[in-house]
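Following: one structure in structure tokens, then a few remarks.
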Amino acid sequence: MEKNTNYLVGVFGDEDIMIKAVKALRKKGVNIYEVFTPYPVHFLEDALGYKRSWMPKAAFGFGALGTTCAILLQSWIMGFEWPMIIGGKGFIAIPDFVPITFELTVLFSAFGMAGSFFVSQDLKPHKVPQIFDRRQSDDKHIMAIDLANNKLSEEEIKALLSESGAEEVNNKSFTEKEKKGNFFDYVADLFTNGVTDSARELKG
Amino acid sequence: MQIVSKVREPLVTGGKTYKDITEDVCRPVEGNPSMGWFAGMGLSLVLLLAGGAFLGEMLWSGIGRWGLNKTVQWAWDITNFVWWVGIGHAGTLISAVLLLFRQKWRTSINRAAEAMTIFAVICAAIWPVVHMGRPWIGGIWALPLPNTYGSLWVNFNSPLLWDVFAISTYFSVSLVFWFIGLIPDFATIRDRAIKPIPRLIYGALSMGFNGSAKTWMHYEAVSLILAGLSTPLVLSVHTIVSMDFATSVIPGWHTTIFPPYFVAGAIFSGFAMVLTLMLVTRKLYKLEDYITMEHIEMMSLVVTITGSVVGIAYITEFVIAWYSGVEYEQYAFVNRMTGQYWWAYWSMMGCNVISPQVFYFKKLRTSIPFIFFISIVVNIGMWFERFVIIVTSLHRDFLPSSWVYFSPTIYDVMCYVFTFGLFFTLFLAFAKYFPVVNMAEVKSVLKSSDTKVYQSRRTISNEVVPEADRVPVDL
């Protein structure tokens with residue numbers, strides 16, 4: 001028998017109310033699984049207690065690697081591998097290396113950081129996302145609470161969500177398979193059962 | 001706390017809600033294309049195929065088909081290259097520089113402007129590749145790989161190689177920036193798709209993005225840093241393009257003002273092209289509430305300012321030529337104005353320096369047909385600017401015996417037509433299959449821009465607004 005993970009899903013229509021709700025629920029000791037929003041909401045990460053993003057560090061690290069690689073590559077080729085005097089310049093003409101060094105710094109930094117973002121957030125073309133409510137990419141803010149991971153009862157959390165301004169409180173459960181998001185199962189399901197009704201509802 | 005100006009115009013008009021934004025932006029992607037789109041695509045494909053036929057023939061028989069000669073070894077090819085690269089600059093500028101400066105008016109136009117950047121850089125890259133004569137091997141020689149044909153490595157001292165690195169970095173970083181910006185909007189389209197194939201395609205493009213708070217937090221950091229990286233990149237790319245000329249010893253090219261002057265010219269022509277495309281797109285897709293008169297006015301003012309900067313650069317060149325005391329340099333500039341190419345010089349001055357000044361008048365910078373006309377005039381002027389710099393400097397050599405007059409052939413013209421066909425085909429395909437307005441970003445500025453939503457927000461936070469001031473609004 002497959003074990004399901006049950007969530008309570010609070011639907012909010014306004015970001016300010018949702019941030020207040022996040023703070024209120026966390027104060028009461030509710031463990032929030034995740035919040036989903038259609039656009040970036042500032043200060044939400046503070047309310048959820050997340051640490052600052054480490055992406056700037058990744059960008060700096062990869063940028064430094066780019067600078068090093070660029071200087072080493074140019075110096076080695078022009079100074080040792082195939083030394084030639086061009087326009088009376090020295091073999092290792094550092095001022096001439098500046099443009100390419102700059103470009104490679106930016107290139108490594110941008111690609112390294114973007115790659116870190118995709119890998120750390122598990123973003124890939126064949127990923128099947130966990131969708132708690134299709135409106136989470138349209139106009140609603142969705143707060144998901146894992147019931148097994150909380151001391152308060154379902155009723156108590158429901159009441160708290162409603163009190164803090166949730167427009168709806170729904171139940172959602174994922175099977176272990178759905179949680180893992182197998183791409184081939186997803187495709188087979190899509191072509192045999194078609195798309196869910198919630199997508200049709202979304203379009204009104 | 002968000003501070004909202006009471007005097008500024010809202011960024012999104014028409015009392016839009018979040019749902020309306022999704023509906024308005026997704027409609028063209030989900031529905032069938034309009035007749036206008038088919039007409040545009042048909043015309044673009046005609047240009048692409050007609051130009052492509054000439055380009056193909058030229059690749060077969062060699063670049064001797066162009067009107068180049070031993071004195072004017074670069075003409076339309078490098079002119080078109082610099083022109084297209086310049087056009088590509090406004091996209092990153094709008095996205096990156098205005099993001100860093102927290103200019104929220106960029107949100108409605110950044111997506112299309114970035115797309116324009118990508119396509120313009122593709123069109124630009126065609127020129128140096130084709131100019132190699134044998135691009136199937138020339139393309140490999142431009143890369144820093146050891147080869148067995150002679151000189152073992154590329155020359156890292158050459159501005160032409162700096163260009164290879166600059167353009168390819170600019171293209172790939174812009175592509176990453178654009179794609180990361182598209183991911184949340186692809187997720188929106190994926191969640192709305194009611195057929196399996198679009199759901200799968202947009203699902204793959206959205207990389208499984210689900211809008212979790214943690215992902216958004218990293219996403220915002222990545223966007224901001226990419227903007228921070230792209231900003232100096234924009235400046236560096238055109239600076240390096242200008243170094244192709246500035247590091248030479250040809251009178252008229254050997255000019256230290258070239259880097260800032262080229263960058264200003266790029267922003268100038270890029271904004272003009274954004275205006276041209278945006279005015280058509282907003283009309284075709286009925287996006288007047290997102291790309292408002294305020295946006296168009298702002299862009300018109302940028303065109304006026306950068307046009308003035310370019311004008312100052314033209315005058316500075318003359319002053320420096322006179323001050324240098326070098327007679328060849330002085331001749332080059334007087335010759336531009338009064339020589340055989342006087343018509344190109346005065347077209348450039350008229351289109352670039354005089355025409356954008358009309359936007360000082362509010363009535364003119366709010367008239368859409370007039371702005372559309374000026375945006376095209378500016379682009380013609382900027383093409384002439386590159387032509388004047390390149391051809392007028394080359395056609396008068398140090399030796400009067402090699403003096404010539406350059407005339408383009410049909411191959412010069414049709415290869416240029418090919419890049420137009422390619423650009424508009426790519427742009428129209430983008431406008432059909434991708435969301436032309438960045439939904440997620442527009443939604444994030446809605447509260448601070450839309451009066452109706454803002455009033456409702458004030459009503460909610462009753463500790464800030466006194467009872468008497470509250471305006472209840474039904475959303």
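Going by the structure tokens order, chains are called A, B, ..., each with residues numbered from 1, while ligands are numbered from 1 in the order shown.
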- Task: Run DSSP on the backbone and give me the residues of segment 177-409 of chain B it puts in alpha helix (DSSP H), as an MDAnalysis selection string.
- Result: chainID B and resid 177:192 196:205 213:246 258:284 293:324 327:338 342:349 362:365 368:387 393:394
12 Å contact set for Asp244 of chain B, only C-alpha atoms, chain neighbours under 2 positions out, as a CSV table (one decimal) with all heavy atoms, in the first residue's frame:
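The result, written out as part17.csv:
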chain,number,residue,atom,x,y,z
B,74,TRP,N,36.4,47.1,-46.4
B,74,TRP,CA,35.3,46.8,-45.5
B,74,TRP,C,34.2,47.9,-45.8
B,74,TRP,O,34.6,49.0,-45.9
B,74,TRP,CB,35.7,47.1,-44.0
B,74,TRP,CG,36.2,46.0,-43.2
B,74,TRP,CD1,36.4,44.7,-43.6
B,74,TRP,CD2,36.6,46.1,-41.8
B,74,TRP,NE1,36.9,44.0,-42.5
B,74,TRP,CE2,37.0,44.8,-41.4
B,74,TRP,CE3,36.6,47.1,-40.9
B,74,TRP,CZ2,37.4,44.5,-40.1
B,74,TRP,CZ3,37.0,46.9,-39.6
B,74,TRP,CH2,37.4,45.6,-39.2
B,78,ILE,N,30.8,45.4,-42.5
B,78,ILE,CA,31.1,45.8,-41.1
B,78,ILE,C,30.1,46.9,-40.7
B,78,ILE,O,29.8,47.0,-39.5
B,78,ILE,CB,32.6,46.3,-41.0
B,78,ILE,CG1,33.0,46.5,-39.5
B,78,ILE,CG2,32.9,47.6,-41.7
B,78,ILE,CD1,33.6,45.3,-38.9
B,81,PHE,N,27.2,44.9,-39.5
B,81,PHE,CA,27.6,44.3,-38.2
B,81,PHE,C,27.5,45.2,-37.1
B,81,PHE,O,26.8,44.9,-36.1
B,81,PHE,CB,29.1,43.7,-38.4
B,81,PHE,CG,29.7,43.3,-37.1
B,81,PHE,CD1,29.3,42.2,-36.4
B,81,PHE,CD2,30.7,44.1,-36.5
B,81,PHE,CE1,29.9,41.8,-35.2
B,81,PHE,CE2,31.3,43.7,-35.3
B,81,PHE,CZ,30.9,42.6,-34.6
B,82,VAL,N,28.1,46.4,-37.2
B,82,VAL,CA,28.1,47.3,-36.1
B,82,VAL,C,26.7,47.8,-35.8
B,82,VAL,O,26.3,48.0,-34.6
B,82,VAL,CB,29.1,48.5,-36.3
B,82,VAL,CG1,29.1,49.5,-35.1
B,82,VAL,CG2,30.5,48.0,-36.6
B,157,ASN,N,46.3,39.5,-29.0
B,157,ASN,CA,46.6,41.0,-29.0
B,157,ASN,C,45.7,41.7,-30.0
B,157,ASN,O,45.7,42.9,-30.1
B,157,ASN,CB,48.0,41.3,-29.5
B,157,ASN,CG,49.0,40.8,-28.5
B,157,ASN,OD1,48.8,40.9,-27.3
B,157,ASN,ND2,50.2,40.2,-28.9
B,158,SER,N,44.9,41.0,-30.7
B,158,SER,CA,44.1,41.6,-31.8
B,158,SER,C,42.7,42.0,-31.3
B,158,SER,O,42.0,41.2,-30.8
B,158,SER,CB,44.0,40.7,-33.0
B,158,SER,OG,43.0,41.1,-33.8
B,159,PRO,N,42.2,43.2,-31.6
B,159,PRO,CA,40.9,43.6,-31.3
B,159,PRO,C,39.8,42.8,-32.0
B,159,PRO,O,38.7,42.6,-31.5
B,159,PRO,CB,40.8,45.1,-31.7
B,159,PRO,CG,42.2,45.6,-31.9
B,159,PRO,CD,43.0,44.4,-32.2
B,160,LEU,N,40.2,42.2,-33.1
B,160,LEU,CA,39.2,41.4,-33.8
B,160,LEU,C,38.9,40.1,-33.0
B,160,LEU,O,37.8,39.6,-33.0
B,160,LEU,CB,39.7,41.0,-35.2
B,160,LEU,CG,39.8,42.2,-36.2
B,160,LEU,CD1,40.4,41.8,-37.5
B,160,LEU,CD2,38.4,42.9,-36.4
B,161,LEU,N,39.9,39.6,-32.3
B,161,LEU,CA,39.7,38.4,-31.5
B,161,LEU,C,38.9,38.8,-30.2
B,161,LEU,O,38.1,38.1,-29.7
B,161,LEU,CB,41.0,37.7,-31.1
B,161,LEU,CG,40.8,36.4,-30.4
B,161,LEU,CD1,40.1,35.4,-31.3
B,161,LEU,CD2,42.0,35.9,-29.7
B,162,TRP,N,39.2,40.0,-29.7
B,162,TRP,CA,38.5,40.5,-28.5
B,162,TRP,C,37.0,40.5,-28.9
B,162,TRP,O,36.1,40.2,-28.1
B,162,TRP,CB,38.9,41.9,-28.1
B,162,TRP,CG,40.4,42.1,-27.8
B,162,TRP,CD1,41.3,41.0,-27.7
B,162,TRP,CD2,41.1,43.3,-27.7
B,162,TRP,NE1,42.5,41.5,-27.4
B,162,TRP,CE2,42.5,42.9,-27.4
B,162,TRP,CE3,40.8,44.6,-27.8
B,162,TRP,CZ2,43.5,43.9,-27.3
B,162,TRP,CZ3,41.8,45.6,-27.6
B,162,TRP,CH2,43.1,45.2,-27.3
B,163,ASP,N,36.7,40.9,-30.2
B,163,ASP,CA,35.4,41.0,-30.7
B,163,ASP,C,34.7,39.6,-30.6
B,163,ASP,O,33.5,39.5,-30.2
B,163,ASP,CB,35.4,41.4,-32.1
B,163,ASP,CG,34.6,42.7,-32.4
B,163,ASP,OD1,34.0,43.2,-31.4
B,163,ASP,OD2,34.5,43.1,-33.5
B,164,VAL,N,35.4,38.6,-31.0
B,164,VAL,CA,34.9,37.2,-31.0
B,164,VAL,C,34.4,36.9,-29.6
B,164,VAL,O,33.3,36.4,-29.4
B,164,VAL,CB,35.9,36.2,-31.5
B,164,VAL,CG1,35.4,34.8,-31.3
B,164,VAL,CG2,36.3,36.5,-33.0
B,166,ALA,N,33.9,39.0,-27.1
B,166,ALA,CA,32.9,40.0,-26.6
B,166,ALA,C,31.5,39.6,-27.1
B,166,ALA,O,30.5,39.5,-26.4
B,166,ALA,CB,33.2,41.4,-27.0
B,237,VAL,N,31.0,45.5,-24.8
B,237,VAL,CA,30.9,44.9,-26.1
B,237,VAL,C,31.1,46.0,-27.2
B,237,VAL,O,31.9,45.9,-28.1
B,237,VAL,CB,29.5,44.2,-26.3
B,237,VAL,CG1,29.3,43.8,-27.8
B,237,VAL,CG2,29.5,43.0,-25.5
B,238,HIS,N,30.4,47.1,-27.0
B,238,HIS,CA,30.5,48.1,-28.1
B,238,HIS,C,31.8,48.9,-28.0
B,238,HIS,O,32.3,49.4,-29.0
B,238,HIS,CB,29.3,49.0,-28.1
B,238,HIS,CG,28.7,49.2,-29.4
B,238,HIS,ND1,28.3,48.1,-30.2
B,238,HIS,CD2,28.5,50.3,-30.2
B,238,HIS,CE1,27.9,48.5,-31.3
B,238,HIS,NE2,28.0,49.8,-31.4
B,239,THR,N,32.3,48.9,-26.8
B,239,THR,CA,33.7,49.5,-26.6
B,239,THR,C,34.7,48.7,-27.5
B,239,THR,O,35.5,49.2,-28.2
B,239,THR,CB,34.1,49.5,-25.1
B,239,THR,OG1,33.2,50.3,-24.4
B,239,THR,CG2,35.5,50.0,-24.9
B,240,ILE,N,34.6,47.3,-27.3
B,240,ILE,CA,35.5,46.5,-28.1
B,240,ILE,C,35.2,46.6,-29.6
B,240,ILE,O,36.2,46.6,-30.4
B,240,ILE,CB,35.4,45.0,-27.5
B,240,ILE,CG1,36.0,45.0,-26.1
B,240,ILE,CG2,36.2,44.1,-28.4
B,240,ILE,CD1,35.9,43.7,-25.4
B,241,VAL,N,33.9,46.6,-29.9
B,241,VAL,CA,33.6,46.8,-31.4
B,241,VAL,C,34.3,48.1,-31.9
B,241,VAL,O,34.9,48.1,-33.0
B,241,VAL,CB,32.1,46.8,-31.6
B,241,VAL,CG1,31.8,47.3,-33.0
B,241,VAL,CG2,31.5,45.5,-31.4
B,242,SER,N,34.2,49.1,-31.1
B,242,SER,CA,34.8,50.4,-31.5
B,242,SER,C,36.4,50.3,-31.6
B,242,SER,O,37.0,51.0,-32.4
B,242,SER,CB,34.5,51.5,-30.6
B,242,SER,OG,35.3,51.5,-29.4
B,246,ALA,N,39.4,51.9,-33.5
B,246,ALA,CA,40.2,52.9,-32.7
B,246,ALA,C,41.7,52.5,-32.6
B,246,ALA,O,42.5,53.3,-32.4
B,246,ALA,CB,39.6,53.1,-31.4
B,247,THR,N,42.0,51.2,-32.6
B,247,THR,CA,43.4,50.8,-32.4
B,247,THR,C,44.1,50.8,-33.7
B,247,THR,O,45.3,50.4,-33.8
B,247,THR,CB,43.5,49.3,-31.8
B,247,THR,OG1,42.7,48.4,-32.6
B,247,THR,CG2,42.9,49.3,-30.4
B,248,SER,N,43.5,51.2,-34.8
B,248,SER,CA,44.1,51.2,-36.1
B,248,SER,C,44.8,52.6,-36.3
B,248,SER,O,44.8,53.4,-35.4
B,248,SER,CB,43.1,51.0,-37.2
B,248,SER,OG,42.4,52.2,-37.4
B,249,VAL,N,45.5,52.7,-37.5
B,249,VAL,CA,46.1,54.0,-37.7
B,249,VAL,C,45.5,54.8,-38.9
B,249,VAL,O,46.0,55.8,-39.4
B,249,VAL,CB,47.6,53.9,-38.0
B,249,VAL,CG1,48.4,53.4,-36.8
B,249,VAL,CG2,47.9,52.9,-39.2
B,250,ILE,N,44.3,54.4,-39.2
B,250,ILE,CA,43.6,55.0,-40.4
B,250,ILE,C,43.0,56.4,-39.9
B,250,ILE,O,42.3,56.4,-38.9
B,250,ILE,CB,42.4,54.2,-40.9
B,250,ILE,CG1,42.9,52.7,-41.2
B,250,ILE,CG2,41.7,54.8,-42.0
B,250,ILE,CD1,43.6,52.6,-42.4
B,253,TRP,N,39.6,56.9,-38.0
B,253,TRP,CA,39.3,55.8,-37.1
B,253,TRP,C,40.1,55.8,-35.8
B,253,TRP,O,39.6,55.3,-34.8
B,253,TRP,CB,39.6,54.4,-37.8
B,253,TRP,CG,38.7,54.0,-38.9
B,253,TRP,CD1,37.7,54.7,-39.4
B,253,TRP,CD2,38.8,52.7,-39.6
B,253,TRP,NE1,37.1,53.9,-40.4
B,253,TRP,CE2,37.8,52.8,-40.5
B,253,TRP,CE3,39.7,51.7,-39.6
B,253,TRP,CZ2,37.5,51.7,-41.4
B,253,TRP,CZ3,39.4,50.6,-40.4
B,253,TRP,CH2,38.4,50.6,-41.4
B,254,HIS,N,41.2,56.4,-35.9
B,254,HIS,CA,42.2,56.3,-34.7
B,254,HIS,C,41.7,57.4,-33.7
B,254,HIS,O,42.4,58.4,-33.5
B,254,HIS,CB,43.5,56.7,-35.3
B,254,HIS,CG,44.6,56.4,-34.3
B,254,HIS,ND1,44.9,55.2,-33.7
B,254,HIS,CD2,45.6,57.3,-33.8
B,254,HIS,CE1,45.9,55.3,-32.9
B,254,HIS,NE2,46.3,56.6,-32.9
B,255,THR,N,40.6,57.1,-33.0
B,255,THR,CA,40.0,58.1,-32.2
B,255,THR,C,39.7,57.6,-30.8
B,255,THR,O,39.0,56.6,-30.7
B,255,THR,CB,38.7,58.6,-32.9
B,255,THR,OG1,39.0,58.8,-34.3
B,255,THR,CG2,38.1,59.8,-32.3
B,256,THR,N,40.1,58.3,-29.8
B,256,THR,CA,39.9,57.8,-28.4
B,256,THR,C,38.5,57.9,-28.0
B,256,THR,O,38.0,57.3,-27.0
B,256,THR,CB,40.8,58.5,-27.4
B,256,THR,OG1,40.8,59.9,-27.7
B,256,THR,CG2,42.2,58.0,-27.5
B,258,PHE,N,35.9,57.0,-29.5
B,258,PHE,CA,35.1,55.9,-30.1
B,258,PHE,C,34.3,55.1,-29.1
B,258,PHE,O,33.2,54.8,-29.2
B,258,PHE,CB,35.9,55.0,-31.0
B,258,PHE,CG,35.8,55.4,-32.5
B,258,PHE,CD1,35.2,56.6,-32.9
B,258,PHE,CD2,36.3,54.6,-33.5
B,258,PHE,CE1,35.1,57.0,-34.2
B,258,PHE,CE2,36.2,55.0,-34.8
B,258,PHE,CZ,35.6,56.1,-35.2
B,259,PRO,N,35.0,54.6,-28.0
B,259,PRO,CA,34.3,53.7,-27.1
B,259,PRO,C,33.0,54.3,-26.5
B,259,PRO,O,31.9,53.8,-26.7
B,259,PRO,CB,35.3,53.3,-26.0
B,259,PRO,CG,36.6,53.4,-26.8
B,259,PRO,CD,36.4,54.5,-27.7
B,262,PHE,N,30.5,55.1,-29.4
B,262,PHE,CA,29.8,53.9,-30.0
B,262,PHE,C,28.7,53.4,-29.0
B,262,PHE,O,27.7,52.9,-29.5
B,262,PHE,CB,30.8,52.8,-30.3
B,262,PHE,CG,31.4,52.8,-31.7
B,262,PHE,CD1,31.8,54.0,-32.2
B,262,PHE,CD2,31.4,51.7,-32.4
B,262,PHE,CE1,32.3,54.0,-33.5
B,262,PHE,CE2,31.9,51.7,-33.7
B,262,PHE,CZ,32.4,52.9,-34.3
B,390,ILE,N,33.1,54.2,-41.6
B,390,ILE,CA,33.9,53.2,-42.3
B,390,ILE,C,34.3,53.6,-43.7
B,390,ILE,O,35.5,53.6,-44.1
B,390,ILE,CB,33.1,51.9,-42.3
B,390,ILE,CG1,33.0,51.4,-40.8
B,390,ILE,CG2,33.7,50.8,-43.1
B,390,ILE,CD1,31.8,50.5,-40.5
Please give the complete set of residues from chain A that DSSP, run on the backbone, assigns to strand (DSSP E or B), formatted as a PDB file with C-alpha atoms, in the first residue's frame.
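The result, written out as out_2.pdb:
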ATOM      1  CA  ASN A   4       0.384   9.353   0.870  1.00  0.00           C
ATOM      2  CA  THR A   5       1.679  12.664   2.145  1.00  0.00           C
ATOM      3  CA  ASN A   6      -1.192  14.888   3.193  1.00  0.00           C
ATOM      4  CA  TYR A   7      -1.029  18.643   3.036  1.00  0.00           C
ATOM      5  CA  LEU A   8      -3.310  21.460   4.058  1.00  0.00           C
ATOM      6  CA  VAL A   9      -3.345  24.110   1.373  1.00  0.00           C
ATOM      7  CA  GLY A  10      -4.262  27.686   2.256  1.00  0.00           C
ATOM      8  CA  VAL A  11      -5.159  29.937  -0.668  1.00  0.00           C
ATOM      9  CA  PHE A  12      -4.498  33.658  -0.281  1.00  0.00           C
ATOM     10  CA  GLU A  34       6.471  25.850   1.498  1.00  0.00           C
ATOM     11  CA  VAL A  35       4.724  28.904   0.061  1.00  0.00           C
ATOM     12  CA  PHE A  36       4.094  29.231  -3.678  1.00  0.00           C
ATOM     13  CA  HIS A 141      -0.596  32.641  -3.110  1.00  0.00           C
ATOM     14  CA  ILE A 142      -0.550  29.083  -1.844  1.00  0.00           C
ATOM     15  CA  MET A 143       0.645  27.987   1.574  1.00  0.00           C
ATOM     16  CA  ALA A 144       1.260  24.259   1.953  1.00  0.00           C
ATOM     17  CA  ILE A 145       1.468  22.635   5.402  1.00  0.00           C
ATOM     18  CA  ASP A 146       2.605  19.035   5.801  1.00  0.00           C
ATOM     19  CA  GLU A 168      -9.928  28.730   0.970  1.00  0.00           C
ATOM     20  CA  VAL A 169      -8.397  25.868   2.860  1.00  0.00           C
ATOM     21  CA  ASN A 170      -8.126  22.632   0.863  1.00  0.00           C
ATOM     22  CA  ASN A 171      -6.597  19.214   1.293  1.00  0.00           C
ATOM     23  CA  LYS A 172      -4.060  17.862  -1.123  1.00  0.00           C
ATOM     24  CA  SER A 173      -2.197  14.598  -1.047  1.00  0.00           C
ATOM     25  CA  PHE A 174       0.659  13.219  -3.098  1.00  0.00           C
ATOM     26  CA  THR A 175       1.591   9.584  -3.428  1.00  0.00           C
TER      27      THR A 175
END
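Distances to Ile157 of chain A were evaluated for A:Asn193, A:Ala114, A:Pro40, A:Leu25 using only C-alpha atoms, and the minimum falls at A:Leu25.
Within 6 Å of chain A, and using only C-alpha atoms, the residues found on chain B are B:Tyr18, B:Lys19, B:Asn157, B:Trp162, B:Thr169, B:Thr188, B:Arg192, B:Ile194, B:Pro196, B:Ala204, B:Met207, B:Gly208, B:Gly211, B:Ser212, B:Ala213, B:Trp216, B:His218, B:Ala440, B:Ser444.
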Extract, using only C-alpha atoms, all DNA, RNA and protein residues at most 9 Å from Gly29 of chain A, discarding same-chain residues fewer than 2 positions from it, and format them as a PDB file with all heavy atoms, in the first residue's frame.
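In the end it all went to selection-v9.pdb:
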ATOM      1  N   ALA A  24       2.068  34.786  11.557  1.00  0.00           N
ATOM      2  CA  ALA A  24       1.159  34.366  12.635  1.00  0.00           C
ATOM      3  C   ALA A  24       1.249  32.857  12.841  1.00  0.00           C
ATOM      4  O   ALA A  24       1.328  32.387  13.985  1.00  0.00           O
ATOM      5  CB  ALA A  24      -0.266  34.778  12.269  1.00  0.00           C
ATOM      6  N   LEU A  25       1.255  32.100  11.756  1.00  0.00           N
ATOM      7  CA  LEU A  25       1.288  30.636  11.890  1.00  0.00           C
ATOM      8  C   LEU A  25       2.600  30.156  12.476  1.00  0.00           C
ATOM      9  O   LEU A  25       2.632  29.243  13.303  1.00  0.00           O
ATOM     10  CB  LEU A  25       1.035  29.971  10.523  1.00  0.00           C
ATOM     11  CG  LEU A  25      -0.419  29.550  10.303  1.00  0.00           C
ATOM     12  CD1 LEU A  25      -1.305  30.727   9.972  1.00  0.00           C
ATOM     13  CD2 LEU A  25      -0.528  28.489   9.227  1.00  0.00           C
ATOM     14  N   ARG A  26       3.691  30.770  12.051  1.00  0.00           N
ATOM     15  CA  ARG A  26       4.992  30.340  12.584  1.00  0.00           C
ATOM     16  C   ARG A  26       5.097  30.659  14.083  1.00  0.00           C
ATOM     17  O   ARG A  26       5.728  29.939  14.839  1.00  0.00           O
ATOM     18  CB  ARG A  26       6.136  31.009  11.818  1.00  0.00           C
ATOM     19  CG  ARG A  26       6.268  30.453  10.402  1.00  0.00           C
ATOM     20  CD  ARG A  26       7.535  30.905   9.758  1.00  0.00           C
ATOM     21  NE  ARG A  26       8.695  30.230  10.323  1.00  0.00           N
ATOM     22  CZ  ARG A  26       9.879  30.783  10.471  1.00  0.00           C
ATOM     23  NH1 ARG A  26      10.059  32.035  10.114  1.00  0.00           N
ATOM     24  NH2 ARG A  26      10.886  30.120  10.986  1.00  0.00           N
ATOM     25  N   LYS A  27       4.455  31.782  14.480  1.00  0.00           N
ATOM     26  CA  LYS A  27       4.449  32.157  15.897  1.00  0.00           C
ATOM     27  C   LYS A  27       3.734  31.097  16.729  1.00  0.00           C
ATOM     28  O   LYS A  27       4.115  30.817  17.860  1.00  0.00           O
ATOM     29  CB  LYS A  27       3.741  33.515  16.034  1.00  0.00           C
ATOM     30  CG  LYS A  27       4.425  34.457  16.993  1.00  0.00           C
ATOM     31  CD  LYS A  27       3.737  35.787  16.997  1.00  0.00           C
ATOM     32  CE  LYS A  27       4.649  36.858  17.526  1.00  0.00           C
ATOM     33  NZ  LYS A  27       4.027  38.173  17.376  1.00  0.00           N
ATOM     34  N   ASN A  31       4.573  24.384  11.391  1.00  0.00           N
ATOM     35  CA  ASN A  31       5.707  24.164  10.496  1.00  0.00           C
ATOM     36  C   ASN A  31       5.202  24.266   9.050  1.00  0.00           C
ATOM     37  O   ASN A  31       4.454  23.400   8.604  1.00  0.00           O
ATOM     38  CB  ASN A  31       6.274  22.776  10.808  1.00  0.00           C
ATOM     39  CG  ASN A  31       7.617  22.569  10.175  1.00  0.00           C
ATOM     40  OD1 ASN A  31       8.145  23.467   9.524  1.00  0.00           O
ATOM     41  ND2 ASN A  31       8.160  21.383  10.341  1.00  0.00           N
ATOM     42  N   ASN A 150       3.600  18.253  11.755  1.00  0.00           N
ATOM     43  CA  ASN A 150       3.125  19.280  12.680  1.00  0.00           C
ATOM     44  C   ASN A 150       2.496  18.662  13.920  1.00  0.00           C
ATOM     45  O   ASN A 150       1.844  17.610  13.840  1.00  0.00           O
ATOM     46  CB  ASN A 150       2.086  20.171  11.981  1.00  0.00           C
ATOM     47  CG  ASN A 150       2.752  21.338  11.287  1.00  0.00           C
ATOM     48  OD1 ASN A 150       3.268  22.229  11.940  1.00  0.00           O
ATOM     49  ND2 ASN A 150       2.775  21.274   9.962  1.00  0.00           N
ATOM     50  N   LYS A 151       2.678  19.371  15.047  1.00  0.00           N
ATOM     51  CA  LYS A 151       2.100  18.862  16.298  1.00  0.00           C
ATOM     52  C   LYS A 151       0.625  19.215  16.382  1.00  0.00           C
ATOM     53  O   LYS A 151      -0.164  18.492  16.964  1.00  0.00           O
ATOM     54  CB  LYS A 151       2.855  19.477  17.482  1.00  0.00           C
ATOM     55  CG  LYS A 151       4.231  18.850  17.687  1.00  0.00           C
ATOM     56  CD  LYS A 151       4.986  19.579  18.771  1.00  0.00           C
ATOM     57  CE  LYS A 151       6.462  19.226  18.700  1.00  0.00           C
ATOM     58  NZ  LYS A 151       7.297  20.271  19.262  1.00  0.00           N
ATOM     59  N   LEU A 152       0.235  20.365  15.799  1.00  0.00           N
ATOM     60  CA  LEU A 152      -1.167  20.791  15.898  1.00  0.00           C
ATOM     61  C   LEU A 152      -2.043  19.900  15.026  1.00  0.00           C
ATOM     62  O   LEU A 152      -1.593  19.362  14.020  1.00  0.00           O
ATOM     63  CB  LEU A 152      -1.323  22.243  15.453  1.00  0.00           C
ATOM     64  CG  LEU A 152      -0.603  23.314  16.280  1.00  0.00           C
ATOM     65  CD1 LEU A 152      -0.905  24.684  15.721  1.00  0.00           C
ATOM     66  CD2 LEU A 152      -1.046  23.250  17.730  1.00  0.00           C
TER      67      LEU A 152
END
- Task: Give me, please, the distance in Å between atom CA of Gln330 of chain B and atom CA of Pro260 of chain B, quoted to one decimal.
- Result: 21.3 Å
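Here atom CA of Gly61 of chain A and atom CA of Ser172 of chain B stand 19.3 Å from one another.
The list of residues with at least one atom within 8 Å of Trp84 of chain B, based on only C-alpha atoms and without residues fewer than 2 positions apart in the same chain, reads B:Asn80, B:Phe81, B:Val82, B:Gly86, B:Ile87, B:Gly88, B:Ala120, B:Val121, B:Cys123, B:Ala124.
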Would you write out those residues with C-alpha atoms, as an mmCIF file, in the first residue's frame?
data_model
loop_
_atom_site.group_PDB
_atom_site.id
_atom_site.type_symbol
_atom_site.label_atom_id
_atom_site.label_comp_id
_atom_site.auth_asym_id
_atom_site.auth_seq_id
_atom_site.Cartn_x
_atom_site.Cartn_y
_atom_site.Cartn_z
ATOM 1 C CA ASN B 80 25.752 46.164 -40.937
ATOM 2 C CA PHE B 81 27.629 44.256 -38.245
ATOM 3 C CA VAL B 82 28.135 47.328 -36.053
ATOM 4 C CA GLY B 86 24.167 48.430 -31.658
ATOM 5 C CA ILE B 87 20.500 47.554 -32.017
ATOM 6 C CA GLY B 88 21.056 44.629 -29.725
ATOM 7 C CA ALA B 120 19.915 41.377 -33.461
ATOM 8 C CA VAL B 121 23.142 39.759 -32.237
ATOM 9 C CA CYS B 123 22.008 39.039 -37.398
ATOM 10 C CA ALA B 124 25.219 40.854 -36.451
#
